[in-house]
Amino acid sequence: MEKLKKNKFLYIIVFGLIVGVVGMIIYPILDLILYNFITHNKFVWNFKEHVIEPFGFGMIFSIVYCVLFEFRRK
């Protein structure tokens, strides 16, 4: 992991992919629970909403997180 942290660009890409994939798994599950148990509406899976948006969030989150917390010089 230390070798990956030395290459900052690669670290941001890998971290963003990991956060995006976890988001693609967790977000539809939470959306399904919300629709079925709280609002009692029919759950409809949408590619843009359940794949593209969590992936975009993961990439943006990784850039902001790494710039603000990981790569600060002390």
# chains A, B, ... in the order shown; residues from 1 in each chain; ligands from 1
>>> select_by_dssp(residues="chain A", states="helix (DSSP H, G or I)", output="MDAnalysis selection string")
chainID A and resid 2:6 8:39 47:70
>>> closest_atom_pairs(of="range 7-44 of chain A", to="range 66-73 of chain A", cutoff="9 Å", atoms="only C-alpha atoms", output="tab-separated table")
residue	atom	partner	partner_atom	distance
A:Lys8	CA	A:Phe71	CA	8.1
A:Tyr11	CA	A:Cys66	CA	8.6
A:Ile12	CA	A:Cys66	CA	6.8
A:Phe15	CA	A:Cys66	CA	9.0
>>> write_last_selection(atoms="all heavy atoms", output="PDB file, in the first residue's frame")
ATOM      1  N   LYS A   8       0.645   9.221  -6.481  1.00  0.00           N
ATOM      2  CA  LYS A   8      -0.598   9.851  -6.038  1.00  0.00           C
ATOM      3  C   LYS A   8      -1.731   9.693  -7.043  1.00  0.00           C
ATOM      4  O   LYS A   8      -2.872   9.461  -6.651  1.00  0.00           O
ATOM      5  CB  LYS A   8      -0.353  11.333  -5.746  1.00  0.00           C
ATOM      6  CG  LYS A   8       0.569  11.548  -4.584  1.00  0.00           C
ATOM      7  CD  LYS A   8       0.822  13.006  -4.345  1.00  0.00           C
ATOM      8  CE  LYS A   8       1.790  13.157  -3.190  1.00  0.00           C
ATOM      9  NZ  LYS A   8       2.047  14.544  -2.873  1.00  0.00           N
ATOM     10  N   TYR A  11      -3.064   6.182  -6.881  1.00  0.00           N
ATOM     11  CA  TYR A  11      -3.771   5.997  -5.617  1.00  0.00           C
ATOM     12  C   TYR A  11      -5.170   6.590  -5.686  1.00  0.00           C
ATOM     13  O   TYR A  11      -6.137   5.969  -5.231  1.00  0.00           O
ATOM     14  CB  TYR A  11      -2.979   6.643  -4.480  1.00  0.00           C
ATOM     15  CG  TYR A  11      -3.605   6.469  -3.124  1.00  0.00           C
ATOM     16  CD1 TYR A  11      -3.501   5.258  -2.449  1.00  0.00           C
ATOM     17  CD2 TYR A  11      -4.304   7.501  -2.515  1.00  0.00           C
ATOM     18  CE1 TYR A  11      -4.074   5.086  -1.206  1.00  0.00           C
ATOM     19  CE2 TYR A  11      -4.880   7.341  -1.270  1.00  0.00           C
ATOM     20  CZ  TYR A  11      -4.755   6.135  -0.622  1.00  0.00           C
ATOM     21  OH  TYR A  11      -5.331   5.963   0.604  1.00  0.00           O
ATOM     22  N   ILE A  12      -5.305   7.771  -6.263  1.00  0.00           N
ATOM     23  CA  ILE A  12      -6.623   8.411  -6.386  1.00  0.00           C
ATOM     24  C   ILE A  12      -7.533   7.581  -7.285  1.00  0.00           C
ATOM     25  O   ILE A  12      -8.713   7.374  -6.972  1.00  0.00           O
ATOM     26  CB  ILE A  12      -6.477   9.853  -6.912  1.00  0.00           C
ATOM     27  CG1 ILE A  12      -5.848  10.742  -5.840  1.00  0.00           C
ATOM     28  CG2 ILE A  12      -7.817  10.425  -7.342  1.00  0.00           C
ATOM     29  CD1 ILE A  12      -5.504  12.130  -6.304  1.00  0.00           C
ATOM     30  N   PHE A  15      -8.461   4.265  -5.370  1.00  0.00           N
ATOM     31  CA  PHE A  15      -9.368   4.593  -4.269  1.00  0.00           C
ATOM     32  C   PHE A  15     -10.752   4.963  -4.797  1.00  0.00           C
ATOM     33  O   PHE A  15     -11.777   4.552  -4.243  1.00  0.00           O
ATOM     34  CB  PHE A  15      -8.767   5.735  -3.442  1.00  0.00           C
ATOM     35  CG  PHE A  15      -9.520   6.052  -2.196  1.00  0.00           C
ATOM     36  CD1 PHE A  15      -9.656   5.127  -1.177  1.00  0.00           C
ATOM     37  CD2 PHE A  15     -10.089   7.307  -2.017  1.00  0.00           C
ATOM     38  CE1 PHE A  15     -10.343   5.430  -0.023  1.00  0.00           C
ATOM     39  CE2 PHE A  15     -10.774   7.617  -0.865  1.00  0.00           C
ATOM     40  CZ  PHE A  15     -10.904   6.681   0.132  1.00  0.00           C
TER      41      PHE A  15
END
>>> residues_around(residues="Glu49 in chain A", least_positions_apart="5", cutoff="10 Å", atoms="only C-alpha atoms", output="list in words")
Met24, Tyr27, Pro28, Pro54 and Phe55 of chain A
>>> atom_distance(atom1="CA of Phe43 in chain A", atom2="CA of Ile29 in chain A")
10.4 Å
>>> atom_distance(atom1="CA of Asp31 in chain A", atom2="CA of Met59 in chain A")
20.8 Å
>>> residues_around(residues="Ile52 in chain A", least_positions_apart="5", cutoff="9 Å", atoms="only C-alpha atoms", output="list in words")
Gly20, Met24, Phe47 and Phe57 of chain A
